[in-house]
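Enquirer: For reference, the file my_file.txt (compact mmCIF, C-alpha atoms and all ligand atoms) is included below:
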```txt
# COMPACT_ATOMS: atom_id res chain seq x y z
CA ASP R 1124 -16.39 -24.07 0.13
CA GLY R 1125 -15.41 -20.82 1.80
CA GLN R 1126 -11.87 -22.10 2.33
CA GLY R 1127 -10.00 -20.58 -0.62
CA PRO R 1128 -9.00 -16.98 -1.22
CA VAL R 1129 -11.90 -14.70 -2.14
CA TYR R 1130 -9.77 -12.38 -4.25
CA LYS R 1131 -7.80 -13.37 -7.33
CA ARG R 1132 -5.69 -10.23 -7.62
CA VAL R 1133 -5.07 -7.70 -4.87
CA LEU R 1134 -3.04 -4.58 -4.33
CA LEU R 1135 -1.53 -4.13 -0.87
CA LYS R 1136 -0.75 -0.58 0.25
CA ILE R 1137 1.80 -0.33 3.04
CA SER R 1138 2.87 3.00 4.47
CA GLY R 1139 6.52 3.83 4.85
CA GLU R 1140 5.98 4.11 8.61
CA ALA R 1141 4.97 0.46 8.77
CA LEU R 1142 8.47 -0.48 7.64
CA MET R 1143 10.07 1.47 10.50
CA GLY R 1144 8.99 -1.23 12.95
CA GLY R 1145 10.45 -0.19 16.28
CA LEU R 1146 12.82 2.38 14.80
CA ALA R 1147 12.35 6.16 14.82
CA TYR R 1148 13.32 6.49 11.17
CA GLY R 1149 14.23 4.42 8.13
CA ILE R 1150 13.81 0.73 7.41
CA ASP R 1151 13.65 -2.04 10.05
CA PRO R 1152 14.87 -5.23 8.30
CA GLU R 1153 12.93 -7.40 10.75
CA MET R 1154 9.69 -5.63 9.93
CA VAL R 1155 10.35 -5.81 6.17
CA ASP R 1156 10.96 -9.54 6.53
CA ARG R 1157 7.73 -10.01 8.51
CA VAL R 1158 5.71 -8.24 5.80
CA ALA R 1159 7.51 -10.33 3.16
CA GLY R 1160 6.35 -13.43 5.04
CA GLU R 1161 2.75 -12.20 4.95
CA ILE R 1162 3.02 -11.60 1.21
CA GLU R 1163 4.62 -15.00 0.68
CA SER R 1164 1.72 -16.84 2.26
CA VAL R 1165 -0.88 -14.98 0.18
CA SER R 1166 1.07 -15.38 -3.04
CA LYS R 1167 1.67 -19.12 -2.43
CA ALA R 1168 -2.05 -19.62 -1.78
CA GLY R 1169 -2.67 -18.47 -5.36
CA THR R 1170 -3.66 -14.81 -5.14
CA GLU R 1171 -1.78 -12.43 -7.42
CA VAL R 1172 -0.22 -9.69 -5.31
CA CYS R 1173 1.06 -6.25 -6.19
CA LEU R 1174 2.27 -3.60 -3.78
CA VAL R 1175 2.50 0.12 -3.34
CA ILE R 1176 4.83 1.20 -0.56
CA GLY R 1177 4.88 4.70 0.91
CA GLY R 1178 7.94 6.75 1.73
CA GLY R 1179 6.95 8.58 4.90
CA ASN R 1180 9.57 6.71 6.96
CA ILE R 1181 12.26 8.48 4.95
CA PHE R 1182 10.85 11.63 3.40
CA ARG R 1183 7.69 13.71 3.08
CA GLY R 1184 7.40 16.43 0.46
CA ILE R 1185 5.11 18.54 2.59
CA SER R 1186 7.63 18.79 5.44
CA ALA R 1187 10.35 19.79 2.98
CA ALA R 1188 8.00 22.47 1.62
CA ALA R 1189 7.40 23.72 5.16
CA ALA R 1190 11.16 24.10 5.54
CA GLY R 1191 11.34 26.35 2.46
CA MET R 1192 11.98 23.86 -0.32
CA GLU R 1193 9.81 23.95 -3.40
CA ARG R 1194 6.94 21.51 -2.84
CA ALA R 1195 7.49 19.67 -6.12
CA THR R 1196 11.17 19.11 -5.32
CA GLY R 1197 10.30 17.73 -1.90
CA ASP R 1198 7.70 15.48 -3.50
CA TYR R 1199 10.24 14.06 -5.94
CA MET R 1200 12.48 13.30 -2.96
CA GLY R 1201 9.51 11.55 -1.34
CA MET R 1202 8.98 9.48 -4.47
CA LEU R 1203 12.65 8.47 -4.46
CA ALA R 1204 12.20 7.35 -0.85
CA THR R 1205 9.48 4.93 -1.99
CA VAL R 1206 11.98 3.45 -4.45
CA MET R 1207 14.35 2.65 -1.56
CA ASN R 1208 11.55 1.00 0.40
CA SER R 1209 10.52 -0.96 -2.69
CA LEU R 1210 14.05 -2.28 -3.21
CA ALA R 1211 14.23 -3.33 0.45
CA MET R 1212 10.93 -5.21 0.07
CA GLN R 1213 12.04 -6.83 -3.20
CA SER R 1214 15.19 -8.07 -1.55
CA ALA R 1215 13.25 -9.53 1.41
CA LEU R 1216 10.83 -11.30 -0.96
CA GLU R 1217 13.64 -12.67 -3.11
CA ARG R 1218 15.34 -14.10 -0.01
CA ARG R 1219 12.15 -16.18 0.27
CA ASN R 1220 12.43 -17.18 -3.40
CA ILE R 1221 9.42 -15.09 -4.43
CA GLN R 1222 9.95 -13.65 -7.90
CA THR R 1223 9.54 -9.90 -7.57
CA ARG R 1224 9.77 -6.96 -9.95
CA VAL R 1225 10.02 -3.29 -9.04
CA LEU R 1226 8.41 -0.98 -11.59
CA SER R 1227 9.04 2.70 -11.05
CA ALA R 1228 6.82 5.55 -12.20
CA LEU R 1229 10.02 7.61 -12.42
CA PRO R 1230 12.36 5.73 -14.77
CA ILE R 1231 15.61 4.75 -13.02
CA ALA R 1232 16.93 2.35 -15.64
CA ALA R 1233 19.97 1.10 -13.75
CA VAL R 1234 17.93 0.16 -10.68
CA CYS R 1235 14.55 -1.18 -11.75
CA GLU R 1236 12.12 -1.45 -14.65
CA PRO R 1237 10.11 1.57 -15.75
CA TYR R 1238 6.37 1.34 -15.14
CA ILE R 1239 4.69 0.03 -18.29
CA ARG R 1240 1.14 -1.12 -17.67
CA ARG R 1241 1.14 -4.05 -20.06
CA ARG R 1242 4.45 -5.31 -18.73
CA ALA R 1243 3.13 -5.11 -15.18
CA MET R 1244 0.08 -7.14 -16.22
CA ARG R 1245 2.33 -9.79 -17.75
CA HIS R 1246 4.42 -10.07 -14.56
CA MET R 1247 1.25 -10.50 -12.53
CA GLU R 1248 -0.15 -13.17 -14.83
CA LYS R 1249 3.09 -15.08 -14.32
CA GLY R 1250 2.55 -14.94 -10.56
CA ARG R 1251 5.37 -12.51 -9.83
CA VAL R 1252 4.94 -9.99 -7.07
CA VAL R 1253 4.99 -6.52 -8.61
CA ILE R 1254 6.04 -3.51 -6.54
CA PHE R 1255 4.98 -0.15 -7.92
CA ALA R 1256 7.59 2.40 -6.87
CA ALA R 1257 7.71 6.21 -7.05
CA GLY R 1258 3.98 6.63 -6.42
CA THR R 1259 2.16 8.12 -9.39
CA GLY R 1260 5.34 9.80 -10.63
CA ASN R 1261 3.72 13.19 -10.05
CA PRO R 1262 4.22 15.73 -7.29
CA PHE R 1263 1.15 16.80 -5.25
CA PHE R 1264 -0.06 13.20 -5.10
CA THR R 1265 0.28 10.51 -2.44
CA THR R 1266 1.05 6.82 -2.48
CA ASP R 1267 -2.56 6.20 -1.38
CA THR R 1268 -3.68 7.69 -4.69
CA ALA R 1269 -0.98 5.68 -6.48
CA ALA R 1270 -2.41 2.55 -4.83
CA ALA R 1271 -5.95 3.29 -6.07
CA LEU R 1272 -4.59 4.15 -9.53
CA ARG R 1273 -2.50 0.99 -9.94
CA ALA R 1274 -5.26 -1.20 -8.49
CA SER R 1275 -7.57 0.24 -11.17
CA GLU R 1276 -5.02 -0.22 -13.95
CA MET R 1277 -4.26 -3.82 -12.91
CA GLY R 1278 -7.92 -4.73 -12.56
CA CYS R 1279 -7.47 -5.73 -8.92
CA ASP R 1280 -10.46 -7.23 -7.08
CA ALA R 1281 -9.52 -5.41 -3.89
CA LEU R 1282 -7.27 -2.74 -2.46
CA LEU R 1283 -5.94 -3.74 0.94
CA LYS R 1284 -4.80 -0.89 3.12
CA ALA R 1285 -2.49 -2.03 5.90
CA THR R 1286 -2.65 0.21 8.97
CA LYS R 1287 -1.71 0.14 12.65
CA VAL R 1288 -5.24 -0.85 13.68
CA ASP R 1289 -7.63 -3.53 12.49
CA GLY R 1290 -10.05 -1.31 10.60
CA VAL R 1291 -11.75 2.06 10.56
CA TYR R 1292 -13.04 3.34 13.93
CA ASP R 1293 -15.42 6.15 14.86
CA ALA R 1294 -12.63 7.65 17.01
CA ASP R 1295 -8.91 7.00 17.45
CA PRO R 1296 -8.80 3.60 19.20
CA MET R 1297 -5.31 4.40 20.51
CA LYS R 1298 -6.78 7.33 22.48
CA VAL R 1299 -10.49 6.58 22.97
CA PRO R 1300 -11.10 3.22 24.70
CA THR R 1301 -14.79 3.19 23.72
CA ALA R 1302 -14.04 3.69 20.01
CA THR R 1303 -15.93 1.18 17.87
CA ARG R 1304 -14.86 -0.39 14.62
CA TYR R 1305 -17.01 -0.23 11.51
CA GLU R 1306 -17.58 -3.58 9.77
CA ARG R 1307 -18.67 -1.91 6.55
CA LEU R 1308 -18.73 1.62 5.16
CA SER R 1309 -19.57 3.18 1.83
CA TYR R 1310 -17.07 5.30 -0.10
CA MET R 1311 -19.46 8.21 0.49
CA ASP R 1312 -19.45 7.64 4.28
CA VAL R 1313 -15.67 7.93 4.23
CA LEU R 1314 -15.74 11.10 2.14
CA THR R 1315 -18.59 12.94 3.87
CA ARG R 1316 -17.54 12.02 7.43
CA ASP R 1317 -13.93 12.74 6.50
CA LEU R 1318 -12.83 9.42 8.04
CA LYS R 1319 -9.05 9.10 7.96
CA VAL R 1320 -8.68 6.05 5.76
CA MET R 1321 -7.01 7.22 2.57
CA ASP R 1322 -7.06 10.64 0.95
CA ALA R 1323 -10.13 11.74 -0.96
CA SER R 1324 -8.63 11.28 -4.42
CA ALA R 1325 -7.77 7.66 -3.59
CA ILE R 1326 -11.30 7.01 -2.28
CA SER R 1327 -12.89 8.64 -5.35
CA LEU R 1328 -10.78 6.59 -7.74
CA ALA R 1329 -11.61 3.33 -5.95
CA ARG R 1330 -15.29 4.30 -5.96
CA GLU R 1331 -15.32 5.12 -9.68
CA ASN R 1332 -13.72 1.77 -10.50
CA GLU R 1333 -15.73 -0.17 -7.89
CA ILE R 1334 -12.71 -1.57 -6.11
CA PRO R 1335 -13.48 -2.48 -2.49
CA ILE R 1336 -11.01 -1.11 0.08
CA LEU R 1337 -10.24 -3.42 3.00
CA VAL R 1338 -8.57 -1.80 5.99
CA PHE R 1339 -6.71 -4.15 8.35
CA SER R 1340 -3.77 -4.29 10.75
CA ILE R 1341 -0.40 -5.38 9.41
CA HIS R 1342 0.73 -5.92 13.02
CA ASN R 1343 -1.42 -9.02 13.51
CA ASN R 1344 0.41 -12.10 12.24
CA GLY R 1345 -1.31 -13.77 9.31
CA ALA R 1346 -3.77 -10.89 8.92
CA PHE R 1347 -3.08 -10.30 5.22
CA ALA R 1348 -3.91 -13.93 4.36
CA GLU R 1349 -7.01 -13.82 6.58
CA VAL R 1350 -8.38 -10.73 4.87
CA VAL R 1351 -7.81 -12.23 1.42
CA HIS R 1352 -9.94 -15.17 2.63
CA ALA R 1353 -12.58 -12.71 3.93
CA ARG R 1354 -11.80 -13.83 7.49
CA GLY R 1355 -10.49 -12.01 10.53
CA ARG R 1356 -10.98 -8.39 11.50
CA TYR R 1357 -11.15 -5.59 8.98
CA THR R 1358 -13.39 -2.83 7.66
CA ILE R 1359 -14.66 -3.15 4.11
CA ILE R 1360 -15.49 -0.01 2.11
CA THR R 1361 -17.72 -0.52 -0.94
N1 LIG R 1401 4.74 11.47 -3.43
C1 LIG R 1401 4.42 12.24 -4.53
N2 LIG R 1401 3.62 11.71 -5.52
C2 LIG R 1401 3.12 10.44 -5.45
C3 LIG R 1401 3.41 9.66 -4.31
C4 LIG R 1401 4.23 10.20 -3.31
O1 LIG R 1401 4.83 13.37 -4.64
O2 LIG R 1401 2.41 10.01 -6.39
C5 LIG R 1401 5.67 12.01 -2.39
C6 LIG R 1401 5.04 12.95 -1.40
O3 LIG R 1401 5.96 13.96 -1.10
C7 LIG R 1401 4.82 12.05 -0.18
C8 LIG R 1401 6.02 11.15 -0.23
O4 LIG R 1401 6.24 10.96 -1.64
O5 LIG R 1401 4.82 12.79 1.02
C9 LIG R 1401 5.85 9.83 0.46
O6 LIG R 1401 4.63 9.23 0.11
P1 LIG R 1401 3.43 9.07 1.19
O7 LIG R 1401 3.36 10.27 2.06
O8 LIG R 1401 2.20 8.71 0.43
O9 LIG R 1401 3.95 7.81 2.02
P2 LIG R 1401 3.31 7.06 3.29
O10 LIG R 1401 2.59 8.06 4.14
O11 LIG R 1401 2.37 6.02 2.76
O12 LIG R 1401 4.50 6.43 3.95
```
Would you give me this structure, written as structure tokens?
Ligand code: UDP
Expert:
Amino acid sequence: DGQGPVYKRVLLKISGEALMGGLAYGIDPEMVDRVAGEIESVSKAGTEVCLVIGGGNIFRGISAAAAGMERATGDYMGMLATVMNSLAMQSALERRNIQTRVLSALPIAAVCEPYIRRRAMRHMEKGRVVIFAAGTGNPFFTTDTAAALRASEMGCDALLKATKVDGVYDADPMKVPTATRYERLSYMDVLTRDLKVMDASAISLARENEIPILVFSIHNNGAFAEVVHARGRYTIIT
């Protein structure tokens, strides 16, 4: 009837910056709680939700490398930052009585479960929210690539990329008032026009596994639920 959710299982990618809210650095508890609310409404409506959270609000490997640290070391620090963000999100979800598991690509046994694909599947089937921490577990990758990888492994119907704006534009809408939003793009459009959506390895992986990418704004209240119902404003990449 067009009323129910369109997607049965989705992966939501949130950047670390999104969790900063109004702060200049770190985690804004109010923002984390708002995102938890968005996830709660989607999960309660019957869509299985998993998450990949970035770490850019705390640490970026590339900036550490620029300052003279070995790139791989900086990247491991970046991955650890995503674990902190994941724990903050888990705690906000659990305050809302949403069962949540953090599965880390880098095993940190005292803190969370290690990432085991079949275990993650089982959690999802039980309706638990699964947070994939520590990216891919490998340096020289990003959490965007981790999002495309986990979405492929979990058999997600869609990868939802939360950004500051409500889709992909032909110019930066924050700077160019005449910038127009694309309703639909192909993976190839994104790659060949070098549109800043996700990095190329993430786009290629989604393309290979035919997972649509939906770009939307996490700053609009209720937007996550809207997109899962194929309503509201977003750009779909197929
Ligand atoms: N990172 C990594 N491998 C991964 C995912 C992340 O090395 O598979 C590191 C990398 O240094 C990156 C940092 O973790 O800069 C934070 O992740 P990202 O930049 O993707 O976070 P976001 O921009 O989404 O906040």
Enquirer: Please report the interatomic distance between atom CA of Met1207 of chain R and atom CA of Lys1136 of chain R in Å with one decimal.
Expert: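 Taking atom CA of Met1207 of chain R as the start and atom CA of Lys1136 of chain R as the end point, the length is 15.5 Å.
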Enquirer: Neighbouring residues of Asp1293 of chain R were defined as those with any atom within 9 Å, considering only C-alpha atoms; residues of the same chain fewer than 6 positions away were excluded. Please report them as a JSON list (two decimals) with C-alpha atoms, keeping the file's coordinate frame.
Expert:
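The resulting file, around_12.json, is reproduced below:
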```
[["chain", "number", "residue", "atom", "x", "y", "z"],
["R", 1302, "ALA", "CA", -14.04, 3.69, 20.01],
["R", 1303, "THR", "CA", -15.93, 1.18, 17.87],
["R", 1304, "ARG", "CA", -14.86, -0.39, 14.62],
["R", 1305, "TYR", "CA", -17.01, -0.23, 11.51],
["R", 1318, "LEU", "CA", -12.83, 9.42, 8.04]]
```
Enquirer: What residues have any atom no more than 6 Å from ligand LIG 1401 (chain R) when counting only C-alpha atoms and all ligand atoms, and can you list them as a ChimeraX atom specification?
Expert: /R:1138-1140,1177-1180,1183-1185,1197-1199,1201-1202,1258-1267,1269
Enquirer: Can I get the selection written as a PDB file, in the frame of the given file, with C-alpha atoms?
Expert:
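Below is the file that was written, again_0.pdb:
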```
ATOM      1  CA  SER R1138       2.870   3.000   4.470  1.00  0.00           C
ATOM      2  CA  GLY R1139       6.520   3.830   4.850  1.00  0.00           C
ATOM      3  CA  GLU R1140       5.980   4.110   8.610  1.00  0.00           C
ATOM      4  CA  GLY R1177       4.880   4.700   0.910  1.00  0.00           C
ATOM      5  CA  GLY R1178       7.940   6.750   1.730  1.00  0.00           C
ATOM      6  CA  GLY R1179       6.950   8.580   4.900  1.00  0.00           C
ATOM      7  CA  ASN R1180       9.570   6.710   6.960  1.00  0.00           C
ATOM      8  CA  ARG R1183       7.690  13.710   3.080  1.00  0.00           C
ATOM      9  CA  GLY R1184       7.400  16.430   0.460  1.00  0.00           C
ATOM     10  CA  ILE R1185       5.110  18.540   2.590  1.00  0.00           C
ATOM     11  CA  GLY R1197      10.300  17.730  -1.900  1.00  0.00           C
ATOM     12  CA  ASP R1198       7.700  15.480  -3.500  1.00  0.00           C
ATOM     13  CA  TYR R1199      10.240  14.060  -5.940  1.00  0.00           C
ATOM     14  CA  GLY R1201       9.510  11.550  -1.340  1.00  0.00           C
ATOM     15  CA  MET R1202       8.980   9.480  -4.470  1.00  0.00           C
ATOM     16  CA  GLY R1258       3.980   6.630  -6.420  1.00  0.00           C
ATOM     17  CA  THR R1259       2.160   8.120  -9.390  1.00  0.00           C
ATOM     18  CA  GLY R1260       5.340   9.800 -10.630  1.00  0.00           C
ATOM     19  CA  ASN R1261       3.720  13.190 -10.050  1.00  0.00           C
ATOM     20  CA  PRO R1262       4.220  15.730  -7.290  1.00  0.00           C
ATOM     21  CA  PHE R1263       1.150  16.800  -5.250  1.00  0.00           C
ATOM     22  CA  PHE R1264      -0.060  13.200  -5.100  1.00  0.00           C
ATOM     23  CA  THR R1265       0.280  10.510  -2.440  1.00  0.00           C
ATOM     24  CA  THR R1266       1.050   6.820  -2.480  1.00  0.00           C
ATOM     25  CA  ASP R1267      -2.560   6.200  -1.380  1.00  0.00           C
ATOM     26  CA  ALA R1269      -0.980   5.680  -6.480  1.00  0.00           C
TER      27      ALA R1269
END
```
Enquirer: Let me have the centre and edge lengths of the axis-aligned box enclosing all listed atoms of segment 1286-1298 of chain R with 3 Å padding on every side, in Å to one decimal, as JSON.
Expert:
```
{"center_x": -8.6, "center_y": 2.1, "center_z": 15.7, "size_x": 19.7, "size_y": 17.2, "size_z": 19.5}
```
Enquirer: Rank R:Val1253, R:Tyr1148, R:Thr1205, R:Val1129 by their smallest atom-to-atom distance to Gly1169 of chain R, using all atoms listed in the file, and report the top residue only.
Expert: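 Of the candidates, the smallest distance to Gly1169 of chain R is held by R:Val1129.
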Enquirer: I'd like to know which of R:Thr1358, R:Thr1315, R:Thr1268, R:Asn1344 is closest to Leu1328 of chain R, using all atoms listed in the file.
Expert: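 Between R:Thr1358, R:Thr1315, R:Thr1268, R:Asn1344, the residue approaching Leu1328 of chain R most closely is R:Thr1268.
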Enquirer: So the first atom is atom CA of Phe1347 of chain R and the second is atom CA of Leu1229 of chain R; what is the distance between them in Å, to one decimal place?
Expert: 28.3 Å
